[in-house]
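Source file protein.cif; content: mmCIF, C-alpha atoms (C1' of nucleotides).
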data_entry
#
loop_
_atom_site.label_atom_id
_atom_site.label_comp_id
_atom_site.auth_asym_id
_atom_site.auth_seq_id
_atom_site.Cartn_x
_atom_site.Cartn_y
_atom_site.Cartn_z
CA MET A 205 -14.06 48.83 115.67
CA THR A 206 -13.59 46.66 118.71
CA ALA A 207 -13.57 42.88 118.67
CA LEU A 208 -16.96 42.90 120.37
CA ALA A 209 -18.39 45.25 117.76
CA SER A 210 -17.03 42.98 115.03
CA ILE A 211 -18.84 40.03 116.50
CA GLU A 212 -22.05 42.00 116.78
CA ALA A 213 -21.67 43.04 113.16
CA GLY A 214 -21.35 39.37 112.19
CA LEU A 215 -17.66 39.62 111.33
CA ARG A 216 -15.27 36.80 112.13
CA THR A 217 -12.81 37.37 114.92
CA CYS A 218 -9.12 37.71 114.35
CA CYS A 219 -8.52 34.24 115.70
CA GLU A 220 -11.14 32.67 113.46
CA VAL A 221 -9.81 34.34 110.36
CA PHE A 222 -6.26 33.34 111.16
CA GLN A 223 -7.08 29.74 111.87
CA ASP A 224 -9.33 29.24 108.89
CA PRO A 225 -8.29 31.71 106.21
CA VAL A 226 -10.81 30.90 103.50
CA GLY A 227 -12.79 33.03 101.11
CA ALA A 228 -12.01 36.46 99.75
CA PRO A 229 -10.35 38.39 102.56
CA ASP A 230 -11.48 41.92 103.01
CA ARG A 231 -9.09 44.76 103.52
CA THR A 232 -10.92 46.62 106.26
CA PRO A 233 -8.34 47.36 108.94
CA ARG A 234 -9.79 46.17 112.20
CA HIS A 235 -7.49 43.89 114.21
CA THR A 236 -5.06 45.26 116.78
CA ILE A 237 -1.55 43.97 117.05
CA SER A 238 -2.31 42.25 120.34
CA GLU A 239 -5.25 40.41 118.79
CA VAL A 240 -3.11 39.28 115.90
CA SER A 241 -0.36 38.31 118.28
CA ALA A 242 -2.72 36.15 120.31
CA ALA A 243 -4.20 34.55 117.20
CA SER A 244 -0.93 33.87 115.44
CA GLY A 245 1.31 33.00 118.35
CA LEU A 246 3.86 35.54 117.13
CA THR A 247 4.81 38.29 119.54
CA ALA A 248 3.95 41.89 118.77
CA HIS A 249 7.69 42.44 118.43
CA THR A 250 7.90 39.78 115.77
CA LEU A 251 4.88 41.13 113.90
CA ARG A 252 6.47 44.56 113.70
CA TRP A 253 9.73 42.99 112.67
CA TYR A 254 8.01 41.02 109.88
CA GLU A 255 6.58 44.27 108.61
CA ARG A 256 9.90 46.08 108.92
CA ILE A 257 11.74 43.52 106.83
CA GLY A 258 8.99 43.46 104.24
CA LEU A 259 7.24 40.17 104.93
CA LEU A 260 4.06 42.09 105.47
CA ASP A 261 3.03 45.13 103.47
CA PRO A 262 2.85 48.28 105.56
CA VAL A 263 -0.13 47.75 107.83
CA ASP A 264 -2.91 50.32 108.05
CA ARG A 265 -2.92 52.64 111.04
CA SER A 266 -5.62 54.02 113.31
CA ALA A 267 -6.04 57.76 113.78
CA SER A 268 -3.50 57.60 116.58
CA GLY A 269 -0.94 55.69 114.54
CA GLN A 270 -1.55 52.19 115.88
CA ARG A 271 -1.55 49.22 113.56
CA ARG A 272 -4.85 47.77 112.42
CA TYR A 273 -4.55 44.48 110.53
CA SER A 274 -7.05 43.44 107.87
CA ASP A 275 -8.32 39.95 107.15
CA ALA A 276 -6.08 39.97 104.09
CA ASP A 277 -3.09 40.59 106.35
CA LEU A 278 -4.19 37.65 108.49
CA HIS A 279 -4.47 35.41 105.47
CA ARG A 280 -0.96 36.20 104.41
CA LEU A 281 0.28 35.79 107.93
CA ALA A 282 -1.39 32.42 108.26
CA PHE A 283 0.30 31.24 105.09
CA LEU A 284 3.66 32.65 106.08
CA GLY A 285 3.27 31.04 109.48
CA ARG A 286 2.83 27.67 107.81
CA LEU A 287 5.92 28.15 105.72
CA ARG A 288 7.89 29.22 108.76
CA LEU A 289 6.59 26.38 110.89
CA THR A 290 7.72 23.92 108.27
CA GLY A 291 11.21 25.28 108.17
CA MET A 292 11.31 27.78 105.34
CA PRO A 293 13.96 30.40 106.08
CA VAL A 294 12.72 33.95 106.46
CA ALA A 295 14.87 34.95 103.48
CA ASP A 296 12.91 32.57 101.23
CA MET A 297 9.60 33.76 102.60
CA LEU A 298 10.70 37.27 101.78
CA ARG A 299 11.59 36.27 98.26
CA TYR A 300 8.16 34.73 97.82
CA VAL A 301 6.45 37.86 99.09
CA GLU A 302 8.52 40.09 96.87
CA LEU A 303 7.64 37.96 93.86
CA ALA A 304 3.98 38.18 94.82
CA ARG A 305 4.27 41.97 94.78
CA GLU A 306 5.42 41.80 91.17
CA GLY A 307 2.07 40.34 90.21
CA GLU A 308 1.19 37.81 87.55
CA ARG A 309 4.51 37.79 85.69
CA SER A 310 6.31 36.19 88.61
CA SER A 311 3.90 33.32 89.04
CA ALA A 312 6.28 30.78 87.50
CA ALA A 313 9.01 31.73 89.96
CA ARG A 314 6.61 31.54 92.86
CA ARG A 315 5.49 28.12 91.71
CA GLU A 316 9.12 26.96 91.66
CA LEU A 317 9.63 28.22 95.16
CA LEU A 318 6.60 26.37 96.43
CA LEU A 319 7.60 23.19 94.59
CA ALA A 320 11.01 23.32 96.22
CA HIS A 321 9.49 23.83 99.62
CA ARG A 322 7.05 20.99 99.06
CA GLU A 323 10.01 18.71 98.46
CA ALA A 324 11.62 19.96 101.66
CA VAL A 325 8.39 19.26 103.53
CA ARG A 326 8.27 15.74 102.12
CA ARG A 327 11.83 15.10 103.20
CA GLN A 328 10.99 16.29 106.69
CA LEU A 329 7.97 14.00 106.76
CA ALA A 330 10.19 11.06 105.88
CA ASP A 331 12.69 11.98 108.60
CA LEU A 332 9.96 12.37 111.16
CA HIS A 333 8.34 9.06 110.29
CA ALA A 334 11.65 7.24 110.52
CA THR A 335 12.40 8.85 113.87
CA LEU A 336 8.92 8.11 115.13
CA ALA A 337 9.54 4.42 114.43
CA VAL A 338 12.81 4.54 116.36
CA LEU A 339 11.18 6.35 119.27
CA ASP A 340 8.29 3.91 119.36
CA HIS A 341 10.73 1.04 119.49
CA LYS A 342 12.83 2.58 122.24
CA ILE A 343 9.80 3.52 124.29
CA ASP A 344 8.60 -0.06 123.99
CA VAL A 345 11.96 -1.17 125.35
CA TYR A 346 11.68 1.27 128.25
CA ASN A 347 8.19 -0.03 128.90
CA GLY A 348 9.75 -3.46 129.30
CA ARG A 349 7.59 -4.99 126.63
CA LEU A 350 10.54 -5.79 124.39
CA ALA A 351 13.97 -7.14 125.00
CA ARG A 352 16.54 -4.54 124.13
CA CYS A 353 18.63 -5.66 121.20
CA ALA A 354 21.19 -2.87 121.35
CA PRO A 355 22.79 -1.64 124.56
CA SER A 356 24.27 1.71 125.57
CA HIS A 357 21.45 4.13 124.90
CA MET H 101 42.84 -0.47 110.66
CA THR H 102 42.00 1.24 107.39
CA ALA H 103 38.56 1.25 105.83
CA LEU H 104 39.85 -1.10 103.15
CA ALA H 105 41.23 -3.53 105.74
CA SER H 106 37.88 -3.43 107.53
CA ILE H 107 36.10 -4.42 104.38
CA GLU H 108 38.55 -7.25 103.75
CA ALA H 109 38.07 -8.43 107.32
CA GLY H 110 34.31 -8.55 106.72
CA LEU H 111 33.55 -5.55 108.92
CA ARG H 112 30.89 -3.04 107.98
CA THR H 113 32.07 0.37 106.87
CA CYS H 114 31.50 3.48 108.90
CA CYS H 115 28.79 4.62 106.52
CA GLU H 116 26.97 1.30 106.68
CA VAL H 117 27.04 1.21 110.45
CA PHE H 118 25.81 4.77 110.69
CA GLN H 119 22.99 4.32 108.24
CA ASP H 120 21.78 1.04 109.63
CA PRO H 121 22.77 0.86 113.29
CA VAL H 122 21.44 -2.57 114.22
CA GLY H 123 22.79 -5.40 116.35
CA ALA H 124 25.21 -5.24 119.21
CA PRO H 125 27.75 -2.53 118.36
CA ASP H 126 31.32 -3.40 119.10
CA ARG H 127 33.65 -0.99 120.81
CA THR H 128 36.73 -1.53 118.67
CA PRO H 129 37.97 1.94 117.76
CA ARG H 130 38.43 1.96 114.03
CA HIS H 131 36.75 4.90 112.25
CA THR H 132 38.59 8.15 111.63
CA ILE H 133 36.88 11.46 112.19
CA SER H 134 36.74 12.14 108.46
CA GLU H 135 34.99 8.82 107.83
CA VAL H 136 32.48 9.59 110.54
CA SER H 137 32.05 13.08 109.18
CA ALA H 138 31.32 11.75 105.70
CA ALA H 139 28.91 9.13 107.03
CA SER H 140 27.03 11.39 109.40
CA GLY H 141 26.97 14.63 107.48
CA LEU H 142 28.33 16.43 110.52
CA THR H 143 31.57 18.33 110.08
CA ALA H 144 34.69 17.21 111.95
CA HIS H 145 34.39 20.47 113.86
CA THR H 146 30.89 19.54 114.98
CA LEU H 147 31.93 16.00 115.95
CA ARG H 148 34.66 17.39 118.19
CA TRP H 149 32.24 19.91 119.60
CA TYR H 150 29.68 17.18 120.41
CA GLU H 151 32.41 15.36 122.30
CA ARG H 152 33.56 18.51 124.09
CA ILE H 153 30.09 19.33 125.38
CA GLY H 154 29.53 15.73 126.46
CA LEU H 155 27.13 14.44 123.81
CA LEU H 156 29.66 11.76 122.99
CA ASP H 157 31.81 10.00 125.54
CA PRO H 158 35.53 10.69 125.11
CA VAL H 159 36.46 8.94 121.89
CA ASP H 160 39.38 6.50 121.78
CA ARG H 161 42.63 7.73 120.32
CA SER H 162 45.21 6.22 118.00
CA ALA H 163 48.87 6.00 119.03
CA SER H 164 49.36 9.46 117.58
CA GLY H 165 46.40 10.91 119.45
CA GLN H 166 43.86 10.95 116.65
CA ARG H 167 40.24 10.01 117.30
CA ARG H 168 39.07 6.53 116.39
CA TYR H 169 35.33 6.04 116.64
CA SER H 170 33.80 2.67 117.45
CA ASP H 171 30.58 1.23 116.05
CA ALA H 172 29.00 1.99 119.41
CA ASP H 173 29.90 5.66 118.93
CA LEU H 174 28.30 5.54 115.50
CA HIS H 175 25.13 4.02 116.93
CA ARG H 176 24.80 6.76 119.46
CA LEU H 177 25.59 9.38 116.85
CA ALA H 178 22.97 8.00 114.51
CA PHE H 179 20.36 8.19 117.24
CA LEU H 180 21.41 11.67 118.31
CA GLY H 181 21.32 12.72 114.67
CA ARG H 182 17.69 11.61 114.44
CA LEU H 183 16.78 13.55 117.55
CA ARG H 184 18.55 16.61 116.22
CA LEU H 185 17.00 16.32 112.76
CA THR H 186 13.58 16.22 114.33
CA GLY H 187 14.16 19.36 116.31
CA MET H 188 15.32 18.28 119.73
CA PRO H 189 17.52 21.01 121.23
CA VAL H 190 21.10 20.04 121.96
CA ALA H 191 20.47 20.74 125.65
CA ASP H 192 17.80 18.03 125.74
CA MET H 193 20.00 15.59 123.87
CA LEU H 194 22.66 16.25 126.46
CA ARG H 195 20.24 15.62 129.27
CA TYR H 196 19.29 12.30 127.70
CA VAL H 197 22.92 11.27 127.33
CA GLU H 198 23.72 12.24 130.90
CA LEU H 199 20.79 10.18 132.13
CA ALA H 200 22.02 7.25 130.06
CA ARG H 201 25.37 7.52 131.81
CA GLU H 202 23.63 7.06 135.14
CA GLY H 203 22.55 3.61 134.07
CA GLU H 204 19.42 1.70 134.85
CA ARG H 205 18.06 3.91 137.60
CA SER H 206 17.43 6.78 135.19
CA SER H 207 15.44 4.76 132.69
CA ALA H 208 12.13 6.25 133.80
CA ALA H 209 13.43 9.77 133.21
CA ARG H 210 14.80 8.78 129.82
CA ARG H 211 11.48 7.29 128.91
CA GLU H 212 9.74 10.56 129.85
CA LEU H 213 12.12 12.48 127.68
CA LEU H 214 11.48 10.24 124.70
CA LEU H 215 7.72 10.36 125.25
CA ALA H 216 7.84 14.15 125.26
CA HIS H 217 9.87 14.19 122.08
CA ARG H 218 7.53 11.72 120.43
CA GLU H 219 4.70 14.14 121.09
CA ALA H 220 6.74 16.94 119.58
CA VAL H 221 7.40 14.80 116.53
CA ARG H 222 3.71 14.04 116.17
CA ARG H 223 2.88 17.73 116.33
CA GLN H 224 5.42 18.42 113.64
CA LEU H 225 3.95 15.68 111.49
CA ALA H 226 0.52 17.27 111.82
CA ASP H 227 1.89 20.70 110.88
CA LEU H 228 3.72 19.29 107.90
CA HIS H 229 0.70 17.43 106.64
CA ALA H 230 -1.49 20.49 106.94
CA THR H 231 1.08 22.59 105.12
CA LEU H 232 1.52 19.98 102.45
CA ALA H 233 -2.20 20.22 101.71
CA VAL H 234 -1.98 23.99 101.42
CA LEU H 235 1.06 23.76 99.16
CA ASP H 236 -0.58 21.16 96.96
CA HIS H 237 -3.58 23.41 96.58
CA LYS H 238 -1.53 26.50 95.78
CA ILE H 239 0.63 24.63 93.32
CA ASP H 240 -2.51 23.39 91.59
CA VAL H 241 -3.62 26.99 91.29
CA TYR H 242 -0.26 27.98 89.82
CA ASN H 243 -0.56 25.07 87.40
CA GLY H 244 -3.79 26.65 86.23
CA ARG H 245 -5.78 23.54 86.99
CA LEU H 246 -7.90 25.27 89.59
CA ALA H 247 -9.52 28.63 89.85
CA ARG H 248 -7.98 30.59 92.64
CA CYS H 249 -10.46 31.26 95.38
CA ALA H 250 -8.37 33.65 97.40
CA PRO H 251 -6.32 36.46 95.91
CA SER H 252 -3.21 38.27 97.09
CA HIS H 253 -0.67 35.53 97.55
"C1'" DC E 129 63.28 14.79 101.87
"C1'" DA E 130 59.55 17.56 100.63
"C1'" DC E 131 54.84 17.69 100.19
"C1'" DT E 132 50.18 16.84 101.01
"C1'" DT E 133 46.59 15.54 103.78
"C1'" DG E 134 44.48 15.24 107.88
"C1'" DC E 135 44.56 15.65 112.53
"C1'" DT E 136 45.02 18.46 117.19
"C1'" DT E 137 43.66 22.57 120.48
"C1'" DC E 138 41.14 26.68 122.21
"C1'" DG E 139 38.75 30.42 121.52
"C1'" DA E 140 36.55 33.55 118.68
"C1'" DG E 141 33.20 34.44 114.96
"C1'" DT E 142 28.85 33.71 112.22
"C1'" DG E 143 24.02 33.48 110.82
"C1'" DC E 144 19.54 33.11 111.97
"C1'" DA E 145 15.40 34.50 114.09
"C1'" DC E 146 13.91 36.66 117.01
"C1'" DT E 147 13.63 39.45 121.56
"C1'" DC E 148 14.06 43.17 124.27
"C1'" DC E 149 14.90 47.99 125.85
"C1'" DA E 150 14.21 52.86 126.65
"C1'" DA E 151 11.60 56.68 126.17
"C1'" DG E 152 7.58 58.40 125.17
"C1'" DG E 153 2.33 58.95 123.30
"C1'" DC E 154 -2.81 57.79 123.25
"C1'" DG E 155 -7.06 56.94 125.12
"C1'" DC E 156 -10.09 54.74 128.38
"C1'" DT E 157 -11.83 54.28 133.07
"C1'" DA E 158 -12.39 55.86 138.07
"C1'" DT B 235 -6.53 64.21 136.35
"C1'" DA B 236 -4.29 60.14 137.62
"C1'" DG B 237 -3.46 55.71 136.59
"C1'" DC B 238 -3.34 51.92 133.55
"C1'" DG B 239 -2.44 49.22 129.63
"C1'" DC B 240 -1.32 49.18 125.16
"C1'" DC B 241 0.90 51.31 121.51
"C1'" DT B 242 5.05 53.61 118.96
"C1'" DT B 243 10.24 53.80 117.35
"C1'" DG B 244 15.26 52.42 116.26
"C1'" DG B 245 18.70 49.98 117.72
"C1'" DA B 246 20.95 46.80 120.62
"C1'" DG B 247 21.03 42.21 122.74
"C1'" DT B 248 20.17 37.12 123.11
"C1'" DG B 249 20.34 32.15 122.37
"C1'" DC B 250 21.21 28.53 119.60
"C1'" DA B 251 24.02 25.61 116.90
"C1'" DC B 252 27.34 25.49 114.79
"C1'" DT B 253 31.68 27.16 112.08
"C1'" DC B 254 36.00 28.73 111.48
"C1'" DG B 255 40.93 30.27 112.23
"C1'" DA B 256 45.63 29.86 113.63
"C1'" DA B 257 49.39 27.31 114.76
"C1'" DG B 258 51.38 23.19 114.93
"C1'" DC B 259 52.17 17.92 114.82
"C1'" DA B 260 52.15 13.21 112.49
"C1'" DA B 261 51.52 9.79 108.83
"C1'" DG B 262 51.71 8.49 104.13
"C1'" DT B 263 53.52 9.23 99.11
"C1'" DG B 264 56.75 10.35 94.94
#
Kindly present the structure from the file in structure tokens form.
Amino acid sequence: MTALASIEAGLRTCCEVFQDPVGAPDRTPRHTISEVSAASGLTAHTLRWYERIGLLDPVDRSASGQRRYSDADLHRLAFLGRLRLTGMPVADMLRYVELAREGERSSAARRELLLAHREAVRRQLADLHATLAVLDHKIDVYNGRLARCAPSH
Amino acid sequence: MTALASIEAGLRTCCEVFQDPVGAPDRTPRHTISEVSAASGLTAHTLRWYERIGLLDPVDRSASGQRRYSDADLHRLAFLGRLRLTGMPVADMLRYVELAREGERSSAARRELLLAHREAVRRQLADLHATLAVLDHKIDVYNGRLARCAPSH
DNA sequence: CACTTGCTTCGAGTGCACTCCAAGGCGCTA
DNA sequence: TAGCGCCTTGGAGTGCACTCGAAGCAAGTG
């Protein structure tokens, strides 16, 4: 099914699903690797690499062996992308995914992992806010609106 | 001058200066590399490397050739540390420092660099906030307080 | 004096996360 | 049927930011 056919059938495009991954994702394989690449910002190389190392479950293939990603794949990818973007190492993402494959009995461990990452995210927020204040101040100085109170940089 | 002597003389310790780099920094060389390492969280190796690549001006030496960092060095290091912590590449930090060495006539370029980084910081803040919301939601689900509305991860 | 601790240098090594390459196949359009 | 773009694979390469090792010197302590 082409992207155009998807639209005509009332299905959401790859980009839409990736950017707003809500609702029960279906597992129909319909997105090509280049569509997913464009939607996610990851290169096709990286998408294949994610699959190779186990971050993504083996993706469905077309009759000719090409990858076709489902909405469920996009949902996972969107979540993983968030984790990655906020500094979670790939090794930790992998651990999370492997726990998820174990099903319900690993939910406590998964929760721990997310709690730890939430703390990391909060620390980063604090660092960024503090730096933003410093930058604002320095930029004000460069704008000449404030006397500089510390020389040298 | 030892750290103890500095305290007795009413001078701020290396750690204090690094964590709260305000006021006009003096250029008296008095902090050892291990003090600076402890205060900054950077290893001695990394401090020497920063100097080698030009991020820090050549640091003063004791009679026996050991590095003695001034408060001014700590101020710069604290600022560079903020840039680094918020994702500025070392190459950009270097560019900023080299501009600063050119003096007043490069202030417009320095301002541009800081403006660009401020935008990058703001983007990161947006990403982190969005991710925090997702994490909060998922953690609520794991806590059993909410029905999960999307399966699989 | 011996010992420990910490410092010096240069250059090589590490870990992470991609990123790319070479060689070849599929299928659509002209 | 030729061309084109996109796809496949395993493995090798890249860039960044450290990080460490080896060999040796100097200051401080029991």
Give as JSON, numbers by chain every residue, naming chains and numbers as the document does, that has an atom within 10 Å of (61.0, 10.5, 93.9), counting all atoms listed in the file. {"E": [129, 130], "B": [263, 264]}
Have a look at A:Asp331, A:Asp224, A:Glu316, A:Glu323 and name the one nearest to A:Phe283; count all atoms listed in the file. A:Asp224
Just the number, please: distance in Å from atom CA of H:Met193 to atom CA of H:Leu180, one decimal. 6.9 Å
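For the file shown, the residue list from the PyMOL selection byres ((chain A) within 9 of (chain E)) reads His249, Thr250, Trp253, Ser268, Pro293 and Val294 of chain A.
Interface residues on chain H toward chain B (cut-off 12 Å, all atoms listed in the file): Leu142, Thr143, Ala144, His145, Thr146, Leu147, Arg148, Trp149, Tyr150, Ser162, Ala163, Ser164, Gly165, Gln166, Arg184, Gly187, Met188, Pro189, Val190 and Ala191 of chain H.
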Requested write-out: C-alpha atoms of the selected residues, as an mmCIF file, in the coordinates of the input:
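Ended up saving to selection09.cif:
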data_model
loop_
_atom_site.group_PDB
_atom_site.id
_atom_site.type_symbol
_atom_site.label_atom_id
_atom_site.label_comp_id
_atom_site.auth_asym_id
_atom_site.auth_seq_id
_atom_site.Cartn_x
_atom_site.Cartn_y
_atom_site.Cartn_z
ATOM 1 C CA LEU H 142 28.330 16.430 110.520
ATOM 2 C CA THR H 143 31.570 18.330 110.080
ATOM 3 C CA ALA H 144 34.690 17.210 111.950
ATOM 4 C CA HIS H 145 34.390 20.470 113.860
ATOM 5 C CA THR H 146 30.890 19.540 114.980
ATOM 6 C CA LEU H 147 31.930 16.000 115.950
ATOM 7 C CA ARG H 148 34.660 17.390 118.190
ATOM 8 C CA TRP H 149 32.240 19.910 119.600
ATOM 9 C CA TYR H 150 29.680 17.180 120.410
ATOM 10 C CA SER H 162 45.210 6.220 118.000
ATOM 11 C CA ALA H 163 48.870 6.000 119.030
ATOM 12 C CA SER H 164 49.360 9.460 117.580
ATOM 13 C CA GLY H 165 46.400 10.910 119.450
ATOM 14 C CA GLN H 166 43.860 10.950 116.650
ATOM 15 C CA ARG H 184 18.550 16.610 116.220
ATOM 16 C CA GLY H 187 14.160 19.360 116.310
ATOM 17 C CA MET H 188 15.320 18.280 119.730
ATOM 18 C CA PRO H 189 17.520 21.010 121.230
ATOM 19 C CA VAL H 190 21.100 20.040 121.960
ATOM 20 C CA ALA H 191 20.470 20.740 125.650
#
What would the selection look like, as a ChimeraX atom specification, if the PyMOL selection byres ((chain H) within 8 of (chain A)) were run on the coordinates I just shared? /H:122-125,172,176,182-183,185-186,197,200,207-208,211,214-215,218,221-222,224-225,227-228,231-232,235-236,239,242,249-253
Rounded to one decimal in Å, what is the spacing between atom CA of A:Glu302 and atom CA of A:Ala242? 26.3 Å
Atom CA of A:Ile257 and atom CA of A:Leu298, how far apart in Å? 8.1 Å
Applying the PyMOL selection byres ((chain H and resi 140) around 8) to the file I just gave you, which residues come out? Please list them as a PDB file with C-alpha atoms, in the frame of the given file.
ATOM      1  CA  CYS H 115      28.790   4.620 106.520  1.00  0.00           C
ATOM      2  CA  PHE H 118      25.810   4.770 110.690  1.00  0.00           C
ATOM      3  CA  VAL H 136      32.480   9.590 110.540  1.00  0.00           C
ATOM      4  CA  SER H 137      32.050  13.080 109.180  1.00  0.00           C
ATOM      5  CA  ALA H 138      31.320  11.750 105.700  1.00  0.00           C
ATOM      6  CA  ALA H 139      28.910   9.130 107.030  1.00  0.00           C
ATOM      7  CA  GLY H 141      26.970  14.630 107.480  1.00  0.00           C
ATOM      8  CA  LEU H 142      28.330  16.430 110.520  1.00  0.00           C
ATOM      9  CA  LEU H 177      25.590   9.380 116.850  1.00  0.00           C
ATOM     10  CA  ALA H 178      22.970   8.000 114.510  1.00  0.00           C
ATOM     11  CA  GLY H 181      21.320  12.720 114.670  1.00  0.00           C
TER      12      GLY H 181
END
Would you mind listing what lies within 6 Å of A:Arg234 as a list in words, with only C-alpha atoms (C1' of nucleotides) counted and same-chain residues fewer than 6 positions away left out? Arg272, Tyr273 and Ser274 of chain A
Given 4 Å on each side, where is the centre and what are the edge lengths in Å to one decimal of the axis-aligned box enclosing the listed atoms of stretch 132-151 of chain E, as lines of an AutoDock Vina configuration file?
center_x = 30.9
center_y = 36.0
center_z = 113.8
size_x = 46.6
size_y = 49.4
size_z = 33.6
